[in-house]
Amino acid sequence: MRFEDIKTIGIVGAGTMGQGIAQICAQAGYKTILFDINAQILQKAEATTASNLSKGVERGKLTDADKQATLANLSFTGDTLTLSCDVIIEAVVERLEVKQSIFKDLDAVNSPDTIFASNTSSIPITRIAAGIPNPERVVGMHFFNPAHIMKLVEVISGAATSPEVAETIRQLALKLDKKPVMAQDSPGFIVNRVARHFYVEGLKLLEEGVADVQTIDKLMQASGFKMGPFELMDLIGVDTNYSVTSSMFEAFHYDPKFRPSRIQQQKVDAGHHGRKSGKGFYTYE
Ligand code: NAD
C-alpha cells in the first residue's frame with residue numbers, strides 16, 4: 001500500500017487511544033471507521049469526539065466547517081468485525097492473543113495489501129506479526145496520550161515488516177500532523193522502555209511508605225515533569241499501564257527492574273482504572 005493510495009482507515013478499539021486516533025484520521029480527510037465490541041464505549045467515543053471538535057472551534061483552531069467535515073468522515077460500528085480498509089490501526093487491550101486474533105479475523109476480509117498497524121505500547125511487533133498472513137504489512141504505530149494532542153509517534157518495524165510499509169506509515173503520521181520517529185522492535189520500544197521506571201519506582205516509593213501519592217506527584221511536578229507518576233497512570237489507565245509493565249516484565253525474562261506492583265494490581269482488580277472509570281489513585285467527578 002502506497003501512502004498516496006490510502007483513502008480509508010479502520011480503528012479497532014474506541015477507548016482512551018482509539019477515539020483520539022480516529023478523530024485525527026477523520027480530521028486529516030480519511031474516511032474513518034471506529035469499531036469496538038463495547039457499545040457504551042463507542043457512544044462515549046462519539047460524544048468525546050464531538051466535544052473535542054467543539055472545543056477546537058471555540059479556541060479558533062478549527063472552523064465549524066472543519067468540524068462538520070470531520071464528523072462526516074467518521075463512522076462508528078459495533079457489529080461484527082468486518083472492517084475492510086486501506087489501513088487498520090488496532091488500539092485494543094494490551095494482550096498479544098487479542099491483537100493477533102483481530103488481525104487474523106481482519107485478514108479474511110481485507111486485501112493482502114491492507115496495512116495492519118498496532119498501537120501497542122510494549123508488545124514486540126515481530127511477535128504480533130507471527131502467524132498473521134503477509135506479516136510484512138504488520139507495523140507498529142505508537143501514538144501518545146492524548147492522541148489528538150501529542151505529536152510523537154513511534155513507527156516500529158518488526159523482523160518481517162517491509163521497509164515500504166514502515167515508510168507509508170511514517171508518511172501517514174506526517175499527514176496526521178505528527179512527528180514520526182523510527183524505532184527498533186524491542187519490548188516497550190524507546191519511550192516506554194525509559195519511562196517504565198517513572199511508574200515502577202513511584203509505586204515502589206509508595207509501597208515502601210517513603211511518601212504518599214500526592215507528595216510524590218507534587219515533587220515530580222516541582223522537579224519539571226508535567227505530571228507525577230500517579231496522575232499520569234490515572235490518565236493512561238491504571239489497567240493499561242499495569243498490562244504494559246506486566247508485558248515488559250515477561251518480555252525481559254522477569255528482570256526484577258520491571259516487576260509490576262501489587263498496589264497497582266489491587267487497583268486493577270478493584271476496577272479503579274483511573275480517569276476513565278472515575279477513580280484510580282485519585283477520584284474524578
Ligand atoms: P482502553 O482500555 O481505554 O481501550 C481498549 C478498548 O479495546 C476498549 O474500549 C475495549 O472495549 C476494546 N476492545 C477490547 N477487546 C476488543 C476486541 N476484541 N475488539 C474490539 N475492541 C476491543 O485502552 P487504551 O488505553 O486505549 O489502550 C489501547 C492500546 O493502546 C493498548 O495496546 C495500549 O498499550 C496502547 N496505548 C495506550 C496508551 C495510553 O496512554 N492509554 C498510550 C499509547 C498506547
# chains A, B, ... in the order shown; residues from 1 in each chain; ligands from 1

call {"tool": "residues_around", "arguments": {"residues": "region 219-233 of chain A", "least_positions_apart": "3", "cutoff": "7 Å", "atoms": "only C-alpha atoms", "output": "PyMOL selection string"}}
result
chain A and resi 198-199+202+213+215-216+236-238+241+281

call {"tool": "residues_around", "arguments": {"residues": "region 14-23 of chain A", "least_positions_apart": "6", "cutoff": "10 Å", "atoms": "only C-alpha atoms", "output": "VMD selection string"}}
result
chain A and resid 30 to 50 52 to 53 70 to 71 73 to 78 89 to 93 119 142 to 149 176 235 to 237 240 275 to 276

call {"tool": "residues_around", "arguments": {"residues": "Gln100 (chain A)", "least_positions_apart": "3", "cutoff": "9 Å", "atoms": "only C-alpha atoms", "output": "PyMOL selection string"}}
result
chain A and resi 95-97+103-105+127-132

call {"tool": "residues_around", "arguments": {"residues": "Met182 (chain A)", "least_positions_apart": "5", "cutoff": "8 Å", "atoms": "only C-alpha atoms", "output": "ChimeraX atom specification"}}
result
/A:154-157,170

call {"tool": "atom_distance", "arguments": {"atom1": "atom 27 (O, counted along the ligand's line) of ligand 1", "atom2": "CA of Gly274 (chain A)"}}
result
12.8 Å

call {"tool": "select_by_dssp", "arguments": {"residues": "region 171-269 of chain A", "states": "strand (DSSP E)", "output": "PyMOL selection string"}}
result
chain A and resi 179-183

call {"tool": "closest_residue", "arguments": {"among": "A:Val12, A:Leu106, A:Ile125, A:Ile263", "to": "Phe189 (chain A)", "atoms": "only C-alpha atoms"}}
result
A:Ile125

call {"tool": "closest_residue", "arguments": {"among": "A:Val98, A:Ala69, A:Glu58, A:Val87", "to": "Gly13 (chain A)", "atoms": "only C-alpha atoms"}}
result
A:Val98

call {"tool": "residues_around", "arguments": {"residues": "Leu152 (chain A)", "least_positions_apart": "3", "cutoff": "6 Å", "atoms": "only C-alpha atoms", "output": "PDB file with C-alpha atoms, in the first residue's frame"}}
result
ATOM      1  CA  LYS A 178       2.535  14.096  13.959  1.00  0.00           C
ATOM      2  CA  LYS A 179       6.284  13.791  14.396  1.00  0.00           C
ATOM      3  CA  PRO A 180       7.178  10.199  13.484  1.00  0.00           C
TER       4      PRO A 180
END

call {"tool": "select_by_dssp", "arguments": {"residues": "region 67-250 of chain A", "states": "alpha helix (DSSP H)", "output": "PDB file with N, CA and C atoms, in the first residue's frame"}}
result
ATOM      1  N   LYS A  67     -15.108  21.031  11.527  1.00  0.00           N
ATOM      2  CA  LYS A  67     -15.759  20.118  12.474  1.00  0.00           C
ATOM      3  C   LYS A  67     -16.785  19.242  11.736  1.00  0.00           C
ATOM      4  N   GLN A  68     -17.607  19.875  10.904  1.00  0.00           N
ATOM      5  CA  GLN A  68     -18.650  19.124  10.187  1.00  0.00           C
ATOM      6  C   GLN A  68     -18.021  18.116   9.223  1.00  0.00           C
ATOM      7  N   ALA A  69     -16.920  18.535   8.556  1.00  0.00           N
ATOM      8  CA  ALA A  69     -16.263  17.626   7.593  1.00  0.00           C
ATOM      9  C   ALA A  69     -15.677  16.431   8.336  1.00  0.00           C
ATOM     10  N   THR A  70     -15.102  16.682   9.529  1.00  0.00           N
ATOM     11  CA  THR A  70     -14.517  15.589  10.316  1.00  0.00           C
ATOM     12  C   THR A  70     -15.611  14.604  10.714  1.00  0.00           C
ATOM     13  N   LEU A  71     -16.730  15.144  11.199  1.00  0.00           N
ATOM     14  CA  LEU A  71     -17.822  14.259  11.638  1.00  0.00           C
ATOM     15  C   LEU A  71     -18.370  13.458  10.456  1.00  0.00           C
ATOM     16  N   ALA A  72     -18.397  14.096   9.280  1.00  0.00           N
ATOM     17  CA  ALA A  72     -18.917  13.396   8.097  1.00  0.00           C
ATOM     18  C   ALA A  72     -17.980  12.258   7.672  1.00  0.00           C
ATOM     19  N   ASN A  73     -16.686  12.398   7.983  1.00  0.00           N
ATOM     20  CA  ASN A  73     -15.711  11.351   7.603  1.00  0.00           C
ATOM     21  C   ASN A  73     -15.719  10.167   8.561  1.00  0.00           C
ATOM     22  N   LEU A  96      -1.441  -9.838  23.727  1.00  0.00           N
ATOM     23  CA  LEU A  96      -0.970 -10.372  22.448  1.00  0.00           C
ATOM     24  C   LEU A  96      -2.045 -11.178  21.734  1.00  0.00           C
ATOM     25  N   GLU A  97      -2.708 -12.093  22.462  1.00  0.00           N
ATOM     26  CA  GLU A  97      -3.634 -13.004  21.778  1.00  0.00           C
ATOM     27  C   GLU A  97      -4.844 -12.245  21.224  1.00  0.00           C
ATOM     28  N   VAL A  98      -5.251 -11.146  21.893  1.00  0.00           N
ATOM     29  CA  VAL A  98      -6.403 -10.370  21.394  1.00  0.00           C
ATOM     30  C   VAL A  98      -5.993  -9.647  20.108  1.00  0.00           C
ATOM     31  N   LYS A  99      -4.814  -9.047  20.112  1.00  0.00           N
ATOM     32  CA  LYS A  99      -4.344  -8.303  18.943  1.00  0.00           C
ATOM     33  C   LYS A  99      -4.169  -9.256  17.744  1.00  0.00           C
ATOM     34  N   GLN A 100      -3.582 -10.424  18.007  1.00  0.00           N
ATOM     35  CA  GLN A 100      -3.375 -11.380  16.908  1.00  0.00           C
ATOM     36  C   GLN A 100      -4.704 -11.880  16.357  1.00  0.00           C
ATOM     37  N   SER A 101      -5.654 -12.143  17.254  1.00  0.00           N
ATOM     38  CA  SER A 101      -6.919 -12.689  16.775  1.00  0.00           C
ATOM     39  C   SER A 101      -7.660 -11.645  15.928  1.00  0.00           C
ATOM     40  N   ILE A 102      -7.539 -10.365  16.299  1.00  0.00           N
ATOM     41  CA  ILE A 102      -8.173  -9.301  15.499  1.00  0.00           C
ATOM     42  C   ILE A 102      -7.562  -9.258  14.094  1.00  0.00           C
ATOM     43  N   PHE A 103      -6.232  -9.277  14.010  1.00  0.00           N
ATOM     44  CA  PHE A 103      -5.596  -9.214  12.684  1.00  0.00           C
ATOM     45  C   PHE A 103      -5.898 -10.472  11.867  1.00  0.00           C
ATOM     46  N   LYS A 104      -6.004 -11.623  12.534  1.00  0.00           N
ATOM     47  CA  LYS A 104      -6.343 -12.855  11.791  1.00  0.00           C
ATOM     48  C   LYS A 104      -7.754 -12.744  11.224  1.00  0.00           C
ATOM     49  N   ASP A 105      -8.702 -12.241  12.038  1.00  0.00           N
ATOM     50  CA  ASP A 105     -10.082 -12.074  11.547  1.00  0.00           C
ATOM     51  C   ASP A 105     -10.111 -11.074  10.397  1.00  0.00           C
ATOM     52  N   LEU A 106      -9.330  -9.997  10.535  1.00  0.00           N
ATOM     53  CA  LEU A 106      -9.360  -8.950   9.513  1.00  0.00           C
ATOM     54  C   LEU A 106      -8.674  -9.396   8.219  1.00  0.00           C
ATOM     55  N   ASP A 107      -7.747 -10.331   8.349  1.00  0.00           N
ATOM     56  CA  ASP A 107      -7.066 -10.841   7.155  1.00  0.00           C
ATOM     57  C   ASP A 107      -8.083 -11.435   6.178  1.00  0.00           C
ATOM     58  N   ILE A 125       6.529  -6.037  17.804  1.00  0.00           N
ATOM     59  CA  ILE A 125       5.761  -6.154  16.558  1.00  0.00           C
ATOM     60  C   ILE A 125       6.036  -7.512  15.901  1.00  0.00           C
ATOM     61  N   THR A 126       7.261  -8.002  16.050  1.00  0.00           N
ATOM     62  CA  THR A 126       7.622  -9.308  15.478  1.00  0.00           C
ATOM     63  C   THR A 126       6.705 -10.402  16.049  1.00  0.00           C
ATOM     64  N   ARG A 127       6.391 -10.286  17.333  1.00  0.00           N
ATOM     65  CA  ARG A 127       5.515 -11.273  17.975  1.00  0.00           C
ATOM     66  C   ARG A 127       4.088 -11.168  17.470  1.00  0.00           C
ATOM     67  N   ILE A 128       3.606  -9.923  17.355  1.00  0.00           N
ATOM     68  CA  ILE A 128       2.222  -9.724  16.884  1.00  0.00           C
ATOM     69  C   ILE A 128       2.087 -10.267  15.464  1.00  0.00           C
ATOM     70  N   ALA A 129       3.116 -10.017  14.640  1.00  0.00           N
ATOM     71  CA  ALA A 129       3.049 -10.405  13.219  1.00  0.00           C
ATOM     72  C   ALA A 129       3.167 -11.913  13.014  1.00  0.00           C
ATOM     73  N   PRO A 163      10.195  -2.433   4.441  1.00  0.00           N
ATOM     74  CA  PRO A 163      10.562  -1.012   4.549  1.00  0.00           C
ATOM     75  C   PRO A 163       9.511  -0.104   3.910  1.00  0.00           C
ATOM     76  N   GLU A 164       8.820  -0.576   2.862  1.00  0.00           N
ATOM     77  CA  GLU A 164       7.804   0.250   2.188  1.00  0.00           C
ATOM     78  C   GLU A 164       6.627   0.511   3.134  1.00  0.00           C
ATOM     79  N   VAL A 165       6.258  -0.517   3.888  1.00  0.00           N
ATOM     80  CA  VAL A 165       5.131  -0.363   4.820  1.00  0.00           C
ATOM     81  C   VAL A 165       5.509   0.642   5.919  1.00  0.00           C
ATOM     82  N   ALA A 166       6.707   0.520   6.458  1.00  0.00           N
ATOM     83  CA  ALA A 166       7.144   1.453   7.502  1.00  0.00           C
ATOM     84  C   ALA A 166       7.166   2.878   6.949  1.00  0.00           C
ATOM     85  N   GLU A 167       7.610   3.036   5.709  1.00  0.00           N
ATOM     86  CA  GLU A 167       7.674   4.367   5.098  1.00  0.00           C
ATOM     87  C   GLU A 167       6.263   4.927   4.868  1.00  0.00           C
ATOM     88  N   THR A 168       5.335   4.080   4.436  1.00  0.00           N
ATOM     89  CA  THR A 168       3.948   4.540   4.249  1.00  0.00           C
ATOM     90  C   THR A 168       3.384   5.041   5.575  1.00  0.00           C
ATOM     91  N   ILE A 169       3.672   4.315   6.651  1.00  0.00           N
ATOM     92  CA  ILE A 169       3.136   4.703   7.963  1.00  0.00           C
ATOM     93  C   ILE A 169       3.824   5.985   8.458  1.00  0.00           C
ATOM     94  N   ARG A 170       5.100   6.130   8.151  1.00  0.00           N
ATOM     95  CA  ARG A 170       5.789   7.381   8.523  1.00  0.00           C
ATOM     96  C   ARG A 170       5.111   8.573   7.825  1.00  0.00           C
ATOM     97  N   GLN A 171       4.820   8.387   6.526  1.00  0.00           N
ATOM     98  CA  GLN A 171       4.179   9.477   5.780  1.00  0.00           C
ATOM     99  C   GLN A 171       2.761   9.735   6.279  1.00  0.00           C
ATOM    100  N   LEU A 172       2.073   8.650   6.650  1.00  0.00           N
ATOM    101  CA  LEU A 172       0.718   8.828   7.193  1.00  0.00           C
ATOM    102  C   LEU A 172       0.784   9.636   8.495  1.00  0.00           C
ATOM    103  N   ALA A 173       1.762   9.327   9.343  1.00  0.00           N
ATOM    104  CA  ALA A 173       1.901  10.069  10.609  1.00  0.00           C
ATOM    105  C   ALA A 173       2.125  11.556  10.323  1.00  0.00           C
ATOM    106  N   LEU A 174       2.939  11.862   9.320  1.00  0.00           N
ATOM    107  CA  LEU A 174       3.177  13.278   8.963  1.00  0.00           C
ATOM    108  C   LEU A 174       1.869  13.938   8.515  1.00  0.00           C
ATOM    109  N   LYS A 175       1.098  13.199   7.734  1.00  0.00           N
ATOM    110  CA  LYS A 175      -0.184  13.727   7.233  1.00  0.00           C
ATOM    111  C   LYS A 175      -1.149  13.990   8.407  1.00  0.00           C
ATOM    112  N   VAL A 191      10.316   4.994  24.186  1.00  0.00           N
ATOM    113  CA  VAL A 191       9.773   5.848  25.252  1.00  0.00           C
ATOM    114  C   VAL A 191       9.306   5.015  26.455  1.00  0.00           C
ATOM    115  N   ASN A 192       8.563   3.960  26.192  1.00  0.00           N
ATOM    116  CA  ASN A 192       8.045   3.178  27.319  1.00  0.00           C
ATOM    117  C   ASN A 192       9.135   2.415  28.055  1.00  0.00           C
ATOM    118  N   ARG A 193      10.213   2.086  27.348  1.00  0.00           N
ATOM    119  CA  ARG A 193      11.338   1.386  28.000  1.00  0.00           C
ATOM    120  C   ARG A 193      11.962   2.297  29.056  1.00  0.00           C
ATOM    121  N   VAL A 194      12.153   3.557  28.682  1.00  0.00           N
ATOM    122  CA  VAL A 194      12.769   4.511  29.618  1.00  0.00           C
ATOM    123  C   VAL A 194      11.748   4.934  30.683  1.00  0.00           C
ATOM    124  N   ALA A 195      10.529   5.206  30.215  1.00  0.00           N
ATOM    125  CA  ALA A 195       9.515   5.765  31.134  1.00  0.00           C
ATOM    126  C   ALA A 195       9.007   4.750  32.146  1.00  0.00           C
ATOM    127  N   ARG A 196       9.201   3.452  31.879  1.00  0.00           N
ATOM    128  CA  ARG A 196       8.656   2.433  32.791  1.00  0.00           C
ATOM    129  C   ARG A 196       9.090   2.676  34.227  1.00  0.00           C
ATOM    130  N   HIS A 197      10.331   3.126  34.393  1.00  0.00           N
ATOM    131  CA  HIS A 197      10.867   3.280  35.751  1.00  0.00           C
ATOM    132  C   HIS A 197      10.229   4.463  36.482  1.00  0.00           C
ATOM    133  N   PHE A 198       9.690   5.384  35.732  1.00  0.00           N
ATOM    134  CA  PHE A 198       8.958   6.509  36.332  1.00  0.00           C
ATOM    135  C   PHE A 198       7.783   5.959  37.152  1.00  0.00           C
ATOM    136  N   TYR A 199       7.064   4.984  36.561  1.00  0.00           N
ATOM    137  CA  TYR A 199       5.909   4.400  37.260  1.00  0.00           C
ATOM    138  C   TYR A 199       6.364   3.375  38.303  1.00  0.00           C
ATOM    139  N   VAL A 200       7.271   2.469  37.882  1.00  0.00           N
ATOM    140  CA  VAL A 200       7.682   1.368  38.762  1.00  0.00           C
ATOM    141  C   VAL A 200       8.321   1.923  40.038  1.00  0.00           C
ATOM    142  N   GLU A 201       9.190   2.916  39.907  1.00  0.00           N
ATOM    143  CA  GLU A 201       9.869   3.468  41.087  1.00  0.00           C
ATOM    144  C   GLU A 201       8.898   4.306  41.930  1.00  0.00           C
ATOM    145  N   GLY A 202       7.967   5.009  41.274  1.00  0.00           N
ATOM    146  CA  GLY A 202       6.947   5.758  42.028  1.00  0.00           C
ATOM    147  C   GLY A 202       6.136   4.803  42.890  1.00  0.00           C
ATOM    148  N   LEU A 203       5.741   3.680  42.310  1.00  0.00           N
ATOM    149  CA  LEU A 203       4.953   2.683  43.047  1.00  0.00           C
ATOM    150  C   LEU A 203       5.770   2.044  44.168  1.00  0.00           C
ATOM    151  N   LYS A 204       7.075   1.858  43.927  1.00  0.00           N
ATOM    152  CA  LYS A 204       7.939   1.288  44.977  1.00  0.00           C
ATOM    153  C   LYS A 204       8.021   2.239  46.164  1.00  0.00           C
ATOM    154  N   LEU A 205       8.172   3.543  45.888  1.00  0.00           N
ATOM    155  CA  LEU A 205       8.218   4.539  46.975  1.00  0.00           C
ATOM    156  C   LEU A 205       6.953   4.446  47.819  1.00  0.00           C
ATOM    157  N   LEU A 206       5.812   4.282  47.105  1.00  0.00           N
ATOM    158  CA  LEU A 206       4.525   4.194  47.809  1.00  0.00           C
ATOM    159  C   LEU A 206       4.478   2.919  48.662  1.00  0.00           C
ATOM    160  N   GLU A 207       4.885   1.799  48.074  1.00  0.00           N
ATOM    161  CA  GLU A 207       4.860   0.502  48.787  1.00  0.00           C
ATOM    162  C   GLU A 207       5.767   0.517  50.011  1.00  0.00           C
ATOM    163  N   VAL A 213       0.948   9.331  47.637  1.00  0.00           N
ATOM    164  CA  VAL A 213       0.708   9.602  46.215  1.00  0.00           C
ATOM    165  C   VAL A 213       0.845  11.091  45.901  1.00  0.00           C
ATOM    166  N   GLN A 214       0.155  11.921  46.709  1.00  0.00           N
ATOM    167  CA  GLN A 214       0.144  13.364  46.423  1.00  0.00           C
ATOM    168  C   GLN A 214       1.549  13.946  46.518  1.00  0.00           C
ATOM    169  N   THR A 215       2.303  13.521  47.546  1.00  0.00           N
ATOM    170  CA  THR A 215       3.653  14.078  47.735  1.00  0.00           C
ATOM    171  C   THR A 215       4.554  13.703  46.557  1.00  0.00           C
ATOM    172  N   ILE A 216       4.486  12.439  46.156  1.00  0.00           N
ATOM    173  CA  ILE A 216       5.359  12.008  45.041  1.00  0.00           C
ATOM    174  C   ILE A 216       4.998  12.806  43.776  1.00  0.00           C
ATOM    175  N   ASP A 217       3.690  12.916  43.498  1.00  0.00           N
ATOM    176  CA  ASP A 217       3.277  13.657  42.295  1.00  0.00           C
ATOM    177  C   ASP A 217       3.727  15.118  42.364  1.00  0.00           C
ATOM    178  N   LYS A 218       3.509  15.743  43.528  1.00  0.00           N
ATOM    179  CA  LYS A 218       3.860  17.175  43.652  1.00  0.00           C
ATOM    180  C   LYS A 218       5.356  17.382  43.459  1.00  0.00           C
ATOM    181  N   LEU A 219       6.147  16.488  44.049  1.00  0.00           N
ATOM    182  CA  LEU A 219       7.602  16.634  43.933  1.00  0.00           C
ATOM    183  C   LEU A 219       8.077  16.458  42.496  1.00  0.00           C
ATOM    184  N   MET A 220       7.504  15.465  41.817  1.00  0.00           N
ATOM    185  CA  MET A 220       7.942  15.233  40.434  1.00  0.00           C
ATOM    186  C   MET A 220       7.554  16.417  39.547  1.00  0.00           C
ATOM    187  N   GLN A 221       6.381  16.983  39.828  1.00  0.00           N
ATOM    188  CA  GLN A 221       5.959  18.177  39.071  1.00  0.00           C
ATOM    189  C   GLN A 221       6.903  19.339  39.354  1.00  0.00           C
ATOM    190  N   ALA A 222       7.227  19.506  40.640  1.00  0.00           N
ATOM    191  CA  ALA A 222       8.108  20.617  41.022  1.00  0.00           C
ATOM    192  C   ALA A 222       9.485  20.448  40.393  1.00  0.00           C
ATOM    193  N   PRO A 229       3.860  10.458  38.558  1.00  0.00           N
ATOM    194  CA  PRO A 229       3.547   9.125  38.044  1.00  0.00           C
ATOM    195  C   PRO A 229       2.104   8.679  38.297  1.00  0.00           C
ATOM    196  N   PHE A 230       1.516   9.101  39.417  1.00  0.00           N
ATOM    197  CA  PHE A 230       0.167   8.602  39.742  1.00  0.00           C
ATOM    198  C   PHE A 230      -0.899   9.323  38.912  1.00  0.00           C
ATOM    199  N   GLU A 231      -0.737  10.643  38.760  1.00  0.00           N
ATOM    200  CA  GLU A 231      -1.654  11.383  37.873  1.00  0.00           C
ATOM    201  C   GLU A 231      -1.574  10.814  36.465  1.00  0.00           C
ATOM    202  N   LEU A 232      -0.340  10.508  36.062  1.00  0.00           N
ATOM    203  CA  LEU A 232      -0.137  10.029  34.697  1.00  0.00           C
ATOM    204  C   LEU A 232      -0.730   8.623  34.524  1.00  0.00           C
ATOM    205  N   MET A 233      -0.574   7.769  35.525  1.00  0.00           N
ATOM    206  CA  MET A 233      -1.186   6.427  35.425  1.00  0.00           C
ATOM    207  C   MET A 233      -2.703   6.538  35.335  1.00  0.00           C
ATOM    208  N   ASP A 234      -3.278   7.506  36.078  1.00  0.00           N
ATOM    209  CA  ASP A 234      -4.733   7.703  36.001  1.00  0.00           C
ATOM    210  C   ASP A 234      -5.154   8.169  34.611  1.00  0.00           C
ATOM    211  N   LEU A 235      -4.314   8.986  33.974  1.00  0.00           N
ATOM    212  CA  LEU A 235      -4.630   9.471  32.622  1.00  0.00           C
ATOM    213  C   LEU A 235      -4.506   8.324  31.601  1.00  0.00           C
ATOM    214  N   ILE A 236      -3.436   7.569  31.718  1.00  0.00           N
ATOM    215  CA  ILE A 236      -3.167   6.466  30.791  1.00  0.00           C
ATOM    216  C   ILE A 236      -4.233   5.387  30.930  1.00  0.00           C
ATOM    217  N   VAL A 238      -4.986   2.895  34.660  1.00  0.00           N
ATOM    218  CA  VAL A 238      -4.158   2.113  35.576  1.00  0.00           C
ATOM    219  C   VAL A 238      -4.056   0.669  35.063  1.00  0.00           C
ATOM    220  N   ASP A 239      -5.146   0.169  34.479  1.00  0.00           N
ATOM    221  CA  ASP A 239      -5.162  -1.199  33.935  1.00  0.00           C
ATOM    222  C   ASP A 239      -4.216  -1.333  32.743  1.00  0.00           C
ATOM    223  N   THR A 240      -4.265  -0.345  31.852  1.00  0.00           N
ATOM    224  CA  THR A 240      -3.395  -0.395  30.664  1.00  0.00           C
ATOM    225  C   THR A 240      -1.931  -0.299  31.097  1.00  0.00           C
ATOM    226  N   ASN A 241      -1.657   0.622  32.015  1.00  0.00           N
ATOM    227  CA  ASN A 241      -0.282   0.796  32.485  1.00  0.00           C
ATOM    228  C   ASN A 241       0.224  -0.495  33.144  1.00  0.00           C
ATOM    229  N   TYR A 242      -0.647  -1.148  33.911  1.00  0.00           N
ATOM    230  CA  TYR A 242      -0.274  -2.406  34.580  1.00  0.00           C
ATOM    231  C   TYR A 242       0.005  -3.504  33.527  1.00  0.00           C
ATOM    232  N   SER A 243      -0.850  -3.568  32.502  1.00  0.00           N
ATOM    233  CA  SER A 243      -0.639  -4.576  31.440  1.00  0.00           C
ATOM    234  C   SER A 243       0.685  -4.340  30.724  1.00  0.00           C
ATOM    235  N   VAL A 244       1.014  -3.057  30.508  1.00  0.00           N
ATOM    236  CA  VAL A 244       2.265  -2.740  29.801  1.00  0.00           C
ATOM    237  C   VAL A 244       3.454  -3.183  30.658  1.00  0.00           C
ATOM    238  N   THR A 245       3.420  -2.867  31.960  1.00  0.00           N
ATOM    239  CA  THR A 245       4.528  -3.280  32.832  1.00  0.00           C
ATOM    240  C   THR A 245       4.624  -4.808  32.860  1.00  0.00           C
ATOM    241  N   SER A 246       3.473  -5.488  32.968  1.00  0.00           N
ATOM    242  CA  SER A 246       3.481  -6.963  33.032  1.00  0.00           C
ATOM    243  C   SER A 246       4.063  -7.543  31.749  1.00  0.00           C
ATOM    244  N   SER A 247       3.672  -6.948  30.629  1.00  0.00           N
ATOM    245  CA  SER A 247       4.163  -7.445  29.339  1.00  0.00           C
ATOM    246  C   SER A 247       5.685  -7.259  29.229  1.00  0.00           C
ATOM    247  N   MET A 248       6.188  -6.116  29.725  1.00  0.00           N
ATOM    248  CA  MET A 248       7.637  -5.870  29.637  1.00  0.00           C
ATOM    249  C   MET A 248       8.403  -6.753  30.622  1.00  0.00           C
ATOM    250  N   PHE A 249       7.820  -6.983  31.793  1.00  0.00           N
ATOM    251  CA  PHE A 249       8.443  -7.858  32.793  1.00  0.00           C
ATOM    252  C   PHE A 249       8.664  -9.249  32.181  1.00  0.00           C
ATOM    253  N   GLU A 250       7.621  -9.739  31.506  1.00  0.00           N
ATOM    254  CA  GLU A 250       7.716 -11.069  30.882  1.00  0.00           C
ATOM    255  C   GLU A 250       8.715 -11.053  29.714  1.00  0.00           C
TER     256      GLU A 250
END

call {"tool": "atom_distance", "arguments": {"atom1": "CA of His272 (chain A)", "atom2": "atom 8 (C, counted along the ligand's line) of ligand 1"}}
result
15.2 Å

call {"tool": "residues_around", "arguments": {"residues": "Ser162 (chain A)", "least_positions_apart": "6", "cutoff": "10 Å", "atoms": "only C-alpha atoms", "output": "PyMOL selection string"}}
result
chain A and resi 135-139

call {"tool": "write_last_selection", "arguments": {"atoms": "N, CA and C atoms", "output": "mmCIF file, in the first residue's frame"}}
result
data_model
loop_
_atom_site.group_PDB
_atom_site.id
_atom_site.type_symbol
_atom_site.label_atom_id
_atom_site.label_comp_id
_atom_site.auth_asym_id
_atom_site.auth_seq_id
_atom_site.Cartn_x
_atom_site.Cartn_y
_atom_site.Cartn_z
ATOM 1 N N PRO A 135 2.957 -11.136 6.942
ATOM 2 C CA PRO A 135 3.440 -10.377 8.104
ATOM 3 C C PRO A 135 4.237 -9.130 7.726
ATOM 4 N N GLU A 136 4.621 -8.999 6.433
ATOM 5 C CA GLU A 136 5.378 -7.806 6.023
ATOM 6 C C GLU A 136 4.522 -6.549 6.113
ATOM 7 N N ARG A 137 3.170 -6.701 6.217
ATOM 8 C CA ARG A 137 2.311 -5.494 6.304
ATOM 9 C C ARG A 137 1.944 -5.157 7.755
ATOM 10 N N VAL A 138 2.550 -5.874 8.721
ATOM 11 C CA VAL A 138 2.277 -5.575 10.143
ATOM 12 C C VAL A 138 3.373 -4.639 10.672
ATOM 13 N N VAL A 139 2.955 -3.546 11.312
ATOM 14 C CA VAL A 139 3.898 -2.491 11.711
ATOM 15 C C VAL A 139 3.404 -1.865 13.020
#

call {"tool": "atom_distance", "arguments": {"atom1": "atom 18 (N, counted along the ligand's line) of ligand 1", "atom2": "CA of Asp86 (chain A)"}}
result
19.9 Å

call {"tool": "closest_residue", "arguments": {"among": "A:Lys279, A:His273, A:Lys61, A:Arg2", "to": "ligand 1", "atoms": "only C-alpha atoms and all ligand atoms"}}
result
A:His273

call {"tool": "closest_residue", "arguments": {"among": "A:Ile6, A:Val181, A:Ala108, A:Val268", "to": "ligand 1", "atoms": "only C-alpha atoms and all ligand atoms"}}
result
A:Val268

call {"tool": "residues_around", "arguments": {"residues": "Gly188 (chain A)", "least_positions_apart": "6", "cutoff": "7 Å", "atoms": "only C-alpha atoms", "output": "list in words"}}
result
Ser121, Ser122, Ile123 and Met248 of chain A
